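Below you'll find the structure, written out as structure tokens, and then a few comments.
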Amino acid sequence: MTERRTYSYLGPAGTFTEAALEQVPEARGQHWRPVHNVGEALTDVLDGTSDAAMIAIENSVEGGVSTTLDALATLPGLRIVGEYLVKVDFVLVARPGTRMDQVKVVAAHPVAYAQCHGWLGRELPAHAHVPAASNVASALGILDGSLHADAAIAAPGIVQHHDFEVLADGIGDNANAVTRFVLVTRTAVPAEPTGADKTSLIVELPDDHPGALLELLEQFSTRGINLSLLQSRPIGDELGRYRFVLDADGHIHDERMADALLGIRRFSPRVVYLGSYPRADRKIVHYPERYADEVFVEARDWLRGLVAGAPES
């Protein structure tokens, strides 16, 4: 029998991360290992405890997940092999038998609370807030009595694992909120391009001078590569020093992307290649014909001919 693979995810059961892992076909029927934080999930991968980890990397409302971005920048030997989108929806849950008019105190993770602030202001204007370590912890805290609250904000999946009264659903203020998750493994050969791929990098600027960021971005723009994410994170060694997290449309096997990566490597003192992997939306990457692979190949062959002294046709 084939040995079961292990996948780490932010637990316990009922989290948005679990919902992302449910989208991975090869993870079904395998061992799912709940962990407490992103660092633990990635350490599991690096030390071989798990074969892969599902982690949140970006939210459409809050932006990049700083703990994830910083961990990927500082832990060598990791690769992103896929991305998955989860609609961010929240429910208000309570112990069975609780009525809405009995809710005076609401337990919630601070990020979830901020994303439901408008609804709470309208429906429970006099409520108090008790912070919780996670969405699941907020719900379990009212069940076991560890949180002195009457109700909790949680992900909808919580009701599949525990007995709760759902007082209200769809309580998030932004109906279009989405969180992007990535599946991370140890360093591996990139999968073949699909035509609907993205490449993720973390790049440090060589020094602080006028136009430094522009020089970085030109490595992509002059090769017809669109960036879908650009976010700065402090390096931490001194004020004013930043690294940039980039998502670029395309695959490392694309000639234009390979050429851009060579340019980035010549420009930056440190480049972290996080991986080339299929886009979650499966949208085909379009680009002008002058940046097609054949154009790069022809130009390289032309240069080689010049160096070899071949007559020009």
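Chain labels run A, B, ... following the order of the structure tokens; each chain numbers its residues from 1, and ligands are numbered from 1 in the order shown.
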For region 38-47 of chain A, work out the shell of residues within 10 Å, counting only C-alpha atoms and skipping chain neighbours fewer than 4 positions away, then give it as number ranges by chain. A: 6-10, 33-34, 51-57, 67-68, 70-72, 75-78, 184-187
Dump as an mmCIF file, in the first residue's frame, selection limited to N, CA and C atoms:
data_model
loop_
_atom_site.group_PDB
_atom_site.id
_atom_site.type_symbol
_atom_site.label_atom_id
_atom_site.label_comp_id
_atom_site.auth_asym_id
_atom_site.auth_seq_id
_atom_site.Cartn_x
_atom_site.Cartn_y
_atom_site.Cartn_z
ATOM 1 N N THR A 6 1.197 13.524 4.470
ATOM 2 C CA THR A 6 0.755 14.377 5.570
ATOM 3 C C THR A 6 0.736 15.833 5.120
ATOM 4 N N TYR A 7 -0.355 16.525 5.440
ATOM 5 C CA TYR A 7 -0.512 17.934 5.103
ATOM 6 C C TYR A 7 -0.762 18.723 6.387
ATOM 7 N N SER A 8 0.068 19.723 6.641
ATOM 8 C CA SER A 8 -0.131 20.595 7.796
ATOM 9 C C SER A 8 -1.016 21.771 7.406
ATOM 10 N N TYR A 9 -1.847 22.202 8.336
ATOM 11 C CA TYR A 9 -2.723 23.352 8.094
ATOM 12 C C TYR A 9 -3.058 24.002 9.423
ATOM 13 N N LEU A 10 -3.428 25.263 9.371
ATOM 14 C CA LEU A 10 -3.798 25.985 10.590
ATOM 15 C C LEU A 10 -5.111 25.422 11.108
ATOM 16 N N ARG A 33 -2.744 17.360 9.320
ATOM 17 C CA ARG A 33 -2.156 17.654 10.635
ATOM 18 C C ARG A 33 -2.447 19.105 11.029
ATOM 19 N N PRO A 34 -3.325 19.351 11.996
ATOM 20 C CA PRO A 34 -3.591 20.719 12.428
ATOM 21 C C PRO A 34 -2.430 21.274 13.249
ATOM 22 N N ASP A 51 4.487 16.499 4.305
ATOM 23 C CA ASP A 51 4.889 16.580 2.903
ATOM 24 C C ASP A 51 4.582 17.949 2.311
ATOM 25 N N ALA A 52 3.585 18.633 2.860
ATOM 26 C CA ALA A 52 3.191 19.953 2.354
ATOM 27 C C ALA A 52 2.416 20.681 3.435
ATOM 28 N N ALA A 53 2.315 21.992 3.285
ATOM 29 C CA ALA A 53 1.560 22.813 4.232
ATOM 30 C C ALA A 53 0.707 23.811 3.472
ATOM 31 N N MET A 54 -0.515 23.996 3.947
ATOM 32 C CA MET A 54 -1.406 25.016 3.384
ATOM 33 C C MET A 54 -1.369 26.236 4.300
ATOM 34 N N ILE A 55 -1.032 27.398 3.726
ATOM 35 C CA ILE A 55 -0.924 28.613 4.532
ATOM 36 C C ILE A 55 -1.584 29.785 3.804
ATOM 37 N N ALA A 56 -2.123 30.717 4.560
ATOM 38 C CA ALA A 56 -2.705 31.931 3.988
ATOM 39 C C ALA A 56 -1.603 32.909 3.640
ATOM 40 N N ILE A 57 -1.715 33.539 2.458
ATOM 41 C CA ILE A 57 -0.656 34.458 2.035
ATOM 42 C C ILE A 57 -1.184 35.852 1.719
ATOM 43 N N THR A 67 3.092 37.529 8.524
ATOM 44 C CA THR A 67 3.816 36.406 9.127
ATOM 45 C C THR A 67 4.218 35.383 8.066
ATOM 46 N N THR A 68 3.347 35.174 7.093
ATOM 47 C CA THR A 68 3.659 34.232 6.015
ATOM 48 C C THR A 68 4.772 34.763 5.128
ATOM 49 N N ASP A 70 7.083 36.990 5.746
ATOM 50 C CA ASP A 70 8.369 37.045 6.441
ATOM 51 C C ASP A 70 8.969 35.649 6.616
ATOM 52 N N ALA A 71 8.112 34.664 6.879
ATOM 53 C CA ALA A 71 8.612 33.297 7.034
ATOM 54 C C ALA A 71 9.171 32.767 5.717
ATOM 55 N N LEU A 72 8.473 33.013 4.619
ATOM 56 C CA LEU A 72 8.952 32.547 3.316
ATOM 57 C C LEU A 72 10.256 33.238 2.919
ATOM 58 N N LEU A 75 13.088 31.432 5.550
ATOM 59 C CA LEU A 75 13.258 29.987 5.677
ATOM 60 C C LEU A 75 13.613 29.396 4.316
ATOM 61 N N PRO A 76 14.863 29.033 4.092
ATOM 62 C CA PRO A 76 15.248 28.484 2.785
ATOM 63 C C PRO A 76 14.736 27.070 2.591
ATOM 64 N N GLY A 77 14.602 26.677 1.309
ATOM 65 C CA GLY A 77 14.251 25.298 1.005
ATOM 66 C C GLY A 77 12.780 25.034 0.811
ATOM 67 N N LEU A 78 11.986 26.093 0.543
ATOM 68 C CA LEU A 78 10.544 25.927 0.379
ATOM 69 C C LEU A 78 10.119 26.322 -1.031
ATOM 70 N N VAL A 184 2.627 24.670 0.095
ATOM 71 C CA VAL A 184 4.085 24.772 0.134
ATOM 72 C C VAL A 184 4.699 23.408 0.394
ATOM 73 N N THR A 185 5.728 23.073 -0.377
ATOM 74 C CA THR A 185 6.482 21.837 -0.184
ATOM 75 C C THR A 185 7.959 22.179 -0.038
ATOM 76 N N ARG A 186 8.785 21.157 0.120
ATOM 77 C CA ARG A 186 10.223 21.383 0.057
ATOM 78 C C ARG A 186 10.616 21.670 -1.391
ATOM 79 N N THR A 187 11.804 22.217 -1.581
ATOM 80 C CA THR A 187 12.277 22.581 -2.910
ATOM 81 C C THR A 187 12.141 21.408 -3.874
#
Determine which residues of region 47-267 of chain A receive a DSSP assignment of strand (DSSP E), computed from the backbone, and state them as an mmCIF file with N, CA and C atoms, in the first residue's frame.
data_model
loop_
_atom_site.group_PDB
_atom_site.id
_atom_site.type_symbol
_atom_site.label_atom_id
_atom_site.label_comp_id
_atom_site.auth_asym_id
_atom_site.auth_seq_id
_atom_site.Cartn_x
_atom_site.Cartn_y
_atom_site.Cartn_z
ATOM 1 N N ALA A 52 3.585 18.633 2.860
ATOM 2 C CA ALA A 52 3.191 19.953 2.354
ATOM 3 C C ALA A 52 2.416 20.681 3.435
ATOM 4 N N ALA A 53 2.315 21.992 3.285
ATOM 5 C CA ALA A 53 1.560 22.813 4.232
ATOM 6 C C ALA A 53 0.707 23.811 3.472
ATOM 7 N N MET A 54 -0.515 23.996 3.947
ATOM 8 C CA MET A 54 -1.406 25.016 3.384
ATOM 9 C C MET A 54 -1.369 26.236 4.300
ATOM 10 N N ILE A 55 -1.032 27.398 3.726
ATOM 11 C CA ILE A 55 -0.924 28.613 4.532
ATOM 12 C C ILE A 55 -1.584 29.785 3.804
ATOM 13 N N ALA A 56 -2.123 30.717 4.560
ATOM 14 C CA ALA A 56 -2.705 31.931 3.988
ATOM 15 C C ALA A 56 -1.603 32.909 3.640
ATOM 16 N N ILE A 57 -1.715 33.539 2.458
ATOM 17 C CA ILE A 57 -0.656 34.458 2.035
ATOM 18 C C ILE A 57 -1.184 35.852 1.719
ATOM 19 N N GLU A 58 -2.474 35.981 1.392
ATOM 20 C CA GLU A 58 -2.996 37.296 1.009
ATOM 21 C C GLU A 58 -4.503 37.328 1.207
ATOM 22 N N ASN A 59 -4.998 38.471 1.686
ATOM 23 C CA ASN A 59 -6.432 38.692 1.827
ATOM 24 C C ASN A 59 -6.820 39.914 1.014
ATOM 25 N N GLY A 63 -4.812 42.628 2.738
ATOM 26 C CA GLY A 63 -3.535 42.601 2.028
ATOM 27 C C GLY A 63 -2.730 41.358 2.364
ATOM 28 N N GLY A 64 -1.416 41.430 2.167
ATOM 29 C CA GLY A 64 -0.541 40.288 2.410
ATOM 30 C C GLY A 64 -0.495 39.901 3.877
ATOM 31 N N LEU A 78 11.986 26.093 0.543
ATOM 32 C CA LEU A 78 10.544 25.927 0.379
ATOM 33 C C LEU A 78 10.119 26.322 -1.031
ATOM 34 N N ARG A 79 9.044 25.708 -1.516
ATOM 35 C CA ARG A 79 8.492 26.041 -2.824
ATOM 36 C C ARG A 79 6.973 26.083 -2.757
ATOM 37 N N ILE A 80 6.386 27.090 -3.390
ATOM 38 C CA ILE A 80 4.941 27.132 -3.573
ATOM 39 C C ILE A 80 4.603 26.299 -4.808
ATOM 40 N N VAL A 81 3.651 25.376 -4.665
ATOM 41 C CA VAL A 81 3.290 24.501 -5.791
ATOM 42 C C VAL A 81 1.847 24.691 -6.242
ATOM 43 N N GLY A 82 1.087 25.514 -5.537
ATOM 44 C CA GLY A 82 -0.287 25.758 -5.953
ATOM 45 C C GLY A 82 -0.915 26.845 -5.112
ATOM 46 N N GLU A 83 -1.963 27.484 -5.651
ATOM 47 C CA GLU A 83 -2.687 28.491 -4.889
ATOM 48 C C GLU A 83 -4.181 28.194 -4.961
ATOM 49 N N TYR A 84 -4.898 28.625 -3.908
ATOM 50 C CA TYR A 84 -6.315 28.307 -3.763
ATOM 51 C C TYR A 84 -7.025 29.505 -3.131
ATOM 52 N N LEU A 85 -8.204 29.796 -3.618
ATOM 53 C CA LEU A 85 -8.976 30.942 -3.139
ATOM 54 C C LEU A 85 -10.149 30.460 -2.294
ATOM 55 N N VAL A 86 -10.356 31.123 -1.168
ATOM 56 C CA VAL A 86 -11.467 30.794 -0.288
ATOM 57 C C VAL A 86 -12.254 32.067 -0.017
ATOM 58 N N LYS A 87 -13.531 32.029 -0.292
ATOM 59 C CA LYS A 87 -14.394 33.176 0.011
ATOM 60 C C LYS A 87 -14.457 33.355 1.524
ATOM 61 N N VAL A 91 -20.004 33.589 10.217
ATOM 62 C CA VAL A 91 -21.284 33.338 10.886
ATOM 63 C C VAL A 91 -21.146 33.732 12.353
ATOM 64 N N LEU A 92 -22.278 34.065 12.946
ATOM 65 C CA LEU A 92 -22.318 34.343 14.383
ATOM 66 C C LEU A 92 -22.918 33.107 15.041
ATOM 67 N N VAL A 93 -22.140 32.448 15.894
ATOM 68 C CA VAL A 93 -22.585 31.209 16.524
ATOM 69 C C VAL A 93 -22.633 31.368 18.037
ATOM 70 N N ALA A 94 -23.434 30.504 18.667
ATOM 71 C CA ALA A 94 -23.580 30.524 20.116
ATOM 72 C C ALA A 94 -23.906 29.123 20.600
ATOM 73 N N VAL A 105 -21.892 40.042 24.640
ATOM 74 C CA VAL A 105 -20.452 40.003 24.435
ATOM 75 C C VAL A 105 -20.153 39.039 23.287
ATOM 76 N N VAL A 106 -19.309 39.498 22.345
ATOM 77 C CA VAL A 106 -18.961 38.701 21.165
ATOM 78 C C VAL A 106 -17.470 38.402 21.180
ATOM 79 N N ALA A 107 -17.119 37.129 21.039
ATOM 80 C CA ALA A 107 -15.719 36.716 20.930
ATOM 81 C C ALA A 107 -15.344 36.635 19.454
ATOM 82 N N ALA A 108 -14.170 37.143 19.115
ATOM 83 C CA ALA A 108 -13.750 37.118 17.706
ATOM 84 C C ALA A 108 -12.265 37.406 17.593
ATOM 85 N N ALA A 128 -20.056 44.104 23.498
ATOM 86 C CA ALA A 128 -18.637 44.226 23.840
ATOM 87 C C ALA A 128 -17.876 43.131 23.100
ATOM 88 N N HIS A 129 -16.572 43.374 22.890
ATOM 89 C CA HIS A 129 -15.748 42.436 22.119
ATOM 90 C C HIS A 129 -14.685 41.807 23.002
ATOM 91 N N VAL A 130 -14.582 40.464 22.926
ATOM 92 C CA VAL A 130 -13.508 39.728 23.594
ATOM 93 C C VAL A 130 -12.604 39.147 22.513
ATOM 94 N N PRO A 131 -11.331 39.562 22.430
ATOM 95 C CA PRO A 131 -10.433 39.025 21.393
ATOM 96 C C PRO A 131 -10.147 37.542 21.595
ATOM 97 N N ALA A 151 -21.576 34.897 22.257
ATOM 98 C CA ALA A 151 -21.559 34.437 20.871
ATOM 99 C C ALA A 151 -20.160 34.643 20.312
ATOM 100 N N ALA A 152 -19.926 34.064 19.143
ATOM 101 C CA ALA A 152 -18.597 34.162 18.541
ATOM 102 C C ALA A 152 -18.723 34.289 17.031
ATOM 103 N N ILE A 153 -17.753 34.983 16.449
ATOM 104 C CA ILE A 153 -17.639 35.061 14.989
ATOM 105 C C ILE A 153 -16.711 33.934 14.546
ATOM 106 N N ALA A 154 -17.162 33.159 13.564
ATOM 107 C CA ALA A 154 -16.370 32.016 13.115
ATOM 108 C C ALA A 154 -16.602 31.768 11.634
ATOM 109 N N GLU A 165 -25.451 26.906 17.716
ATOM 110 C CA GLU A 165 -26.627 27.608 17.210
ATOM 111 C C GLU A 165 -26.130 28.722 16.290
ATOM 112 N N VAL A 166 -26.544 28.713 15.019
ATOM 113 C CA VAL A 166 -26.158 29.772 14.093
ATOM 114 C C VAL A 166 -27.173 30.901 14.227
ATOM 115 N N LEU A 167 -26.742 31.995 14.814
ATOM 116 C CA LEU A 167 -27.635 33.139 15.022
ATOM 117 C C LEU A 167 -27.764 33.992 13.769
ATOM 118 N N ALA A 168 -26.718 34.056 12.962
ATOM 119 C CA ALA A 168 -26.756 34.842 11.720
ATOM 120 C C ALA A 168 -25.626 34.366 10.823
ATOM 121 N N ASP A 169 -25.860 34.385 9.526
ATOM 122 C CA ASP A 169 -24.793 34.043 8.593
ATOM 123 C C ASP A 169 -24.587 35.202 7.620
ATOM 124 N N VAL A 178 -11.948 37.710 -0.186
ATOM 125 C CA VAL A 178 -11.362 36.419 -0.539
ATOM 126 C C VAL A 178 -9.979 36.326 0.097
ATOM 127 N N THR A 179 -9.632 35.145 0.565
ATOM 128 C CA THR A 179 -8.273 34.898 1.048
ATOM 129 C C THR A 179 -7.580 33.935 0.100
ATOM 130 N N ARG A 180 -6.343 34.266 -0.235
ATOM 131 C CA ARG A 180 -5.537 33.399 -1.111
ATOM 132 C C ARG A 180 -4.612 32.555 -0.246
ATOM 133 N N PHE A 181 -4.656 31.256 -0.471
ATOM 134 C CA PHE A 181 -3.807 30.309 0.239
ATOM 135 C C PHE A 181 -2.824 29.691 -0.745
ATOM 136 N N VAL A 182 -1.674 29.259 -0.237
ATOM 137 C CA VAL A 182 -0.701 28.565 -1.085
ATOM 138 C C VAL A 182 -0.317 27.252 -0.432
ATOM 139 N N LEU A 183 -0.076 26.251 -1.277
ATOM 140 C CA LEU A 183 0.410 24.955 -0.824
ATOM 141 C C LEU A 183 1.927 24.945 -0.985
ATOM 142 N N VAL A 184 2.627 24.670 0.095
ATOM 143 C CA VAL A 184 4.085 24.772 0.134
ATOM 144 C C VAL A 184 4.699 23.408 0.394
ATOM 145 N N THR A 185 5.728 23.073 -0.377
ATOM 146 C CA THR A 185 6.482 21.837 -0.184
ATOM 147 C C THR A 185 7.959 22.179 -0.038
ATOM 148 N N ARG A 186 8.785 21.157 0.120
ATOM 149 C CA ARG A 186 10.223 21.383 0.057
ATOM 150 C C ARG A 186 10.616 21.670 -1.391
ATOM 151 N N ASP A 197 -0.165 30.473 -15.366
ATOM 152 C CA ASP A 197 0.729 30.316 -14.219
ATOM 153 C C ASP A 197 1.150 31.672 -13.657
ATOM 154 N N LYS A 198 1.695 31.617 -12.454
ATOM 155 C CA LYS A 198 2.339 32.797 -11.873
ATOM 156 C C LYS A 198 3.623 32.357 -11.195
ATOM 157 N N THR A 199 4.538 33.302 -11.071
ATOM 158 C CA THR A 199 5.822 33.070 -10.428
ATOM 159 C C THR A 199 5.955 34.028 -9.257
ATOM 160 N N SER A 200 6.322 33.510 -8.096
ATOM 161 C CA SER A 200 6.447 34.325 -6.888
ATOM 162 C C SER A 200 7.914 34.474 -6.493
ATOM 163 N N LEU A 201 8.281 35.696 -6.134
ATOM 164 C CA LEU A 201 9.656 36.022 -5.761
ATOM 165 C C LEU A 201 9.670 36.951 -4.554
ATOM 166 N N ILE A 202 10.769 36.946 -3.845
ATOM 167 C CA ILE A 202 11.050 37.968 -2.839
ATOM 168 C C ILE A 202 12.408 38.553 -3.180
ATOM 169 N N VAL A 203 12.458 39.870 -3.366
ATOM 170 C CA VAL A 203 13.656 40.524 -3.892
ATOM 171 C C VAL A 203 14.066 41.674 -2.977
ATOM 172 N N GLU A 204 15.355 41.773 -2.692
ATOM 173 C CA GLU A 204 15.891 42.898 -1.934
ATOM 174 C C GLU A 204 16.532 43.899 -2.893
ATOM 175 N N LEU A 227 2.723 42.262 -13.222
ATOM 176 C CA LEU A 227 2.811 41.918 -11.805
ATOM 177 C C LEU A 227 1.421 41.989 -11.183
ATOM 178 N N SER A 228 1.016 40.917 -10.509
ATOM 179 C CA SER A 228 -0.294 40.901 -9.851
ATOM 180 C C SER A 228 -0.180 41.180 -8.358
ATOM 181 N N LEU A 229 1.038 41.208 -7.839
ATOM 182 C CA LEU A 229 1.264 41.554 -6.433
ATOM 183 C C LEU A 229 2.611 42.223 -6.293
ATOM 184 N N LEU A 230 2.633 43.329 -5.574
ATOM 185 C CA LEU A 230 3.879 44.010 -5.208
ATOM 186 C C LEU A 230 3.689 44.548 -3.811
ATOM 187 N N GLN A 231 4.424 43.990 -2.863
ATOM 188 C CA GLN A 231 4.275 44.415 -1.468
ATOM 189 C C GLN A 231 5.636 44.504 -0.811
ATOM 190 N N SER A 232 5.833 45.556 -0.032
ATOM 191 C CA SER A 232 7.101 45.725 0.675
ATOM 192 C C SER A 232 6.989 45.186 2.095
ATOM 193 N N ARG A 233 8.102 44.637 2.579
ATOM 194 C CA ARG A 233 8.204 44.173 3.954
ATOM 195 C C ARG A 233 9.563 44.612 4.491
ATOM 196 N N PRO A 234 9.621 45.138 5.713
ATOM 197 C CA PRO A 234 10.923 45.540 6.263
ATOM 198 C C PRO A 234 11.836 44.344 6.455
ATOM 199 N N TYR A 242 14.080 47.433 2.856
ATOM 200 C CA TYR A 242 12.888 46.657 2.539
ATOM 201 C C TYR A 242 13.192 45.549 1.536
ATOM 202 N N ARG A 243 12.408 44.490 1.644
ATOM 203 C CA ARG A 243 12.364 43.477 0.592
ATOM 204 C C ARG A 243 10.989 43.578 -0.065
ATOM 205 N N PHE A 244 10.896 43.128 -1.310
ATOM 206 C CA PHE A 244 9.646 43.233 -2.058
ATOM 207 C C PHE A 244 9.157 41.846 -2.462
ATOM 208 N N VAL A 245 7.895 41.604 -2.158
ATOM 209 C CA VAL A 245 7.244 40.353 -2.533
ATOM 210 C C VAL A 245 6.526 40.589 -3.857
ATOM 211 N N LEU A 246 6.797 39.739 -4.840
ATOM 212 C CA LEU A 246 6.248 39.927 -6.185
ATOM 213 C C LEU A 246 5.573 38.649 -6.669
ATOM 214 N N ASP A 247 4.420 38.834 -7.290
ATOM 215 C CA ASP A 247 3.782 37.768 -8.068
ATOM 216 C C ASP A 247 3.777 38.238 -9.515
ATOM 217 N N ALA A 248 4.404 37.476 -10.397
ATOM 218 C CA ALA A 248 4.522 37.846 -11.806
ATOM 219 C C ALA A 248 3.778 36.823 -12.656
ATOM 220 N N ASP A 249 3.025 37.307 -13.633
ATOM 221 C CA ASP A 249 2.272 36.415 -14.516
ATOM 222 C C ASP A 249 3.226 35.656 -15.433
#
Skip Val61 (chain A) itself and residues of its chain fewer than 5 positions away, then list as a PyMOL selection string all residues within 10 Å of it, counting only C-alpha atoms. chain A and resi 88+111+115+174+176-179
Please dump the current selection as a PDB file, in the first residue's frame; keep N, CA and C atoms.
ATOM      1  N   VAL A  88     -14.234  34.570   1.972  1.00  0.00           N
ATOM      2  CA  VAL A  88     -14.229  34.859   3.402  1.00  0.00           C
ATOM      3  C   VAL A  88     -15.639  35.238   3.829  1.00  0.00           C
ATOM      4  N   VAL A 111      -8.974  40.315  13.343  1.00  0.00           N
ATOM      5  CA  VAL A 111      -9.157  40.530  11.906  1.00  0.00           C
ATOM      6  C   VAL A 111     -10.594  40.228  11.504  1.00  0.00           C
ATOM      7  N   GLN A 115     -13.636  42.827  10.078  1.00  0.00           N
ATOM      8  CA  GLN A 115     -14.351  42.597   8.829  1.00  0.00           C
ATOM      9  C   GLN A 115     -15.855  42.435   9.025  1.00  0.00           C
ATOM     10  N   ASN A 174     -17.825  42.872   3.679  1.00  0.00           N
ATOM     11  CA  ASN A 174     -17.430  42.866   2.273  1.00  0.00           C
ATOM     12  C   ASN A 174     -17.788  41.518   1.654  1.00  0.00           C
ATOM     13  N   ASN A 176     -17.320  40.495  -1.198  1.00  0.00           N
ATOM     14  CA  ASN A 176     -16.338  40.031  -2.180  1.00  0.00           C
ATOM     15  C   ASN A 176     -15.002  39.626  -1.550  1.00  0.00           C
ATOM     16  N   ALA A 177     -14.952  39.587  -0.228  1.00  0.00           N
ATOM     17  CA  ALA A 177     -13.691  39.269   0.450  1.00  0.00           C
ATOM     18  C   ALA A 177     -13.235  37.845   0.140  1.00  0.00           C
ATOM     19  N   VAL A 178     -11.948  37.710  -0.186  1.00  0.00           N
ATOM     20  CA  VAL A 178     -11.362  36.419  -0.539  1.00  0.00           C
ATOM     21  C   VAL A 178      -9.979  36.326   0.097  1.00  0.00           C
ATOM     22  N   THR A 179      -9.632  35.145   0.565  1.00  0.00           N
ATOM     23  CA  THR A 179      -8.273  34.898   1.048  1.00  0.00           C
ATOM     24  C   THR A 179      -7.580  33.935   0.100  1.00  0.00           C
TER      25      THR A 179
END
Please return, as JSON, numbers by chain, all residues of region 247-301 of chain A that DSSP assigns to alpha helix (DSSP H) on the basis of the backbone. {"A": [255, 256, 257, 258, 259, 260, 261, 262, 263, 264, 265, 266, 267, 293, 294, 295, 296, 297, 298, 299, 300, 301]}
Go ahead and save the picked residues with N, CA and C atoms, as a compact mmCIF listing (two decimals), in the first residue's frame.
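That gives us out-v3.txt:
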# COMPACT_ATOMS: atom_id res chain seq x y z
N GLU A 255 10.43 31.90 -21.76
CA GLU A 255 11.68 32.60 -22.08
C GLU A 255 11.70 34.00 -21.48
N ARG A 256 10.58 34.71 -21.56
CA ARG A 256 10.56 36.09 -21.04
C ARG A 256 10.75 36.11 -19.52
N MET A 257 10.16 35.11 -18.82
CA MET A 257 10.32 35.06 -17.37
C MET A 257 11.74 34.68 -17.00
N ALA A 258 12.30 33.70 -17.69
CA ALA A 258 13.68 33.30 -17.42
C ALA A 258 14.64 34.47 -17.63
N ASP A 259 14.40 35.24 -18.69
CA ASP A 259 15.24 36.40 -18.97
C ASP A 259 15.10 37.45 -17.87
N ALA A 260 13.87 37.65 -17.38
CA ALA A 260 13.64 38.61 -16.30
C ALA A 260 14.33 38.16 -15.02
N LEU A 261 14.28 36.86 -14.73
CA LEU A 261 14.93 36.36 -13.52
C LEU A 261 16.44 36.56 -13.58
N LEU A 262 17.02 36.38 -14.76
CA LEU A 262 18.45 36.64 -14.91
C LEU A 262 18.76 38.11 -14.63
N GLY A 263 17.90 38.99 -15.13
CA GLY A 263 18.08 40.42 -14.87
C GLY A 263 17.95 40.75 -13.40
N ILE A 264 16.97 40.14 -12.74
CA ILE A 264 16.77 40.36 -11.31
C ILE A 264 17.97 39.88 -10.52
N ARG A 265 18.49 38.73 -10.91
CA ARG A 265 19.65 38.17 -10.20
C ARG A 265 20.87 39.07 -10.34
N ARG A 266 21.06 39.67 -11.49
CA ARG A 266 22.20 40.59 -11.68
C ARG A 266 22.00 41.87 -10.88
N PHE A 267 20.74 42.23 -10.66
CA PHE A 267 20.41 43.51 -10.02
C PHE A 267 20.39 43.42 -8.50
N ASP A 293 8.05 33.38 -26.76
CA ASP A 293 9.27 32.60 -26.55
C ASP A 293 10.16 32.60 -27.79
N GLU A 294 9.52 32.47 -28.97
CA GLU A 294 10.31 32.37 -30.21
C GLU A 294 11.13 33.62 -30.46
N VAL A 295 10.61 34.77 -30.02
CA VAL A 295 11.33 36.03 -30.22
C VAL A 295 12.62 36.04 -29.39
N PHE A 296 12.52 35.57 -28.15
CA PHE A 296 13.70 35.51 -27.29
C PHE A 296 14.71 34.49 -27.83
N VAL A 297 14.21 33.35 -28.30
CA VAL A 297 15.09 32.32 -28.84
C VAL A 297 15.82 32.82 -30.08
N GLU A 298 15.06 33.50 -30.97
CA GLU A 298 15.67 34.02 -32.21
C GLU A 298 16.73 35.05 -31.89
N ALA A 299 16.47 35.92 -30.93
CA ALA A 299 17.44 36.96 -30.56
C ALA A 299 18.71 36.33 -29.98
N ARG A 300 18.53 35.29 -29.18
CA ARG A 300 19.70 34.62 -28.59
C ARG A 300 20.51 33.91 -29.67
N ASP A 301 19.82 33.26 -30.61
CA ASP A 301 20.53 32.59 -31.71
C ASP A 301 21.26 33.60 -32.58
Which one of A:Ala112, A:Leu143, A:Ala280, A:Ile225 sits closest to Glu62 (chain A) if you count only C-alpha atoms? A:Ala112
Could you pull the residues within 10 Å of Asp101 (chain A), counting only C-alpha atoms, minus those fewer than 2 positions along the same chain, as a PyMOL selection string? chain A and resi 98-99+103-104+123-124
What gap, in Å, lies between CA of Leu120 (chain A) and CA of Ser138 (chain A)? 15.7 Å
Report as a ChimeraX atom specification all protein, DNA and RNA residues lying within 10 Å of Pro288 (chain A), evaluated on only C-alpha atoms, omitting residues in the same chain fewer than 4 positions from it. /A:223-225,292
Quick one, how far is CA of Trp119 (chain A) from CA of Asp173 (chain A)?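 Between these atoms lies a distance of 6.4 Å.
Considering only C-alpha atoms, the residue among A:Thr222, A:Gly170, A:Ile158, A:Glu26 positioned nearest to Arg290 (chain A) is A:Thr222.
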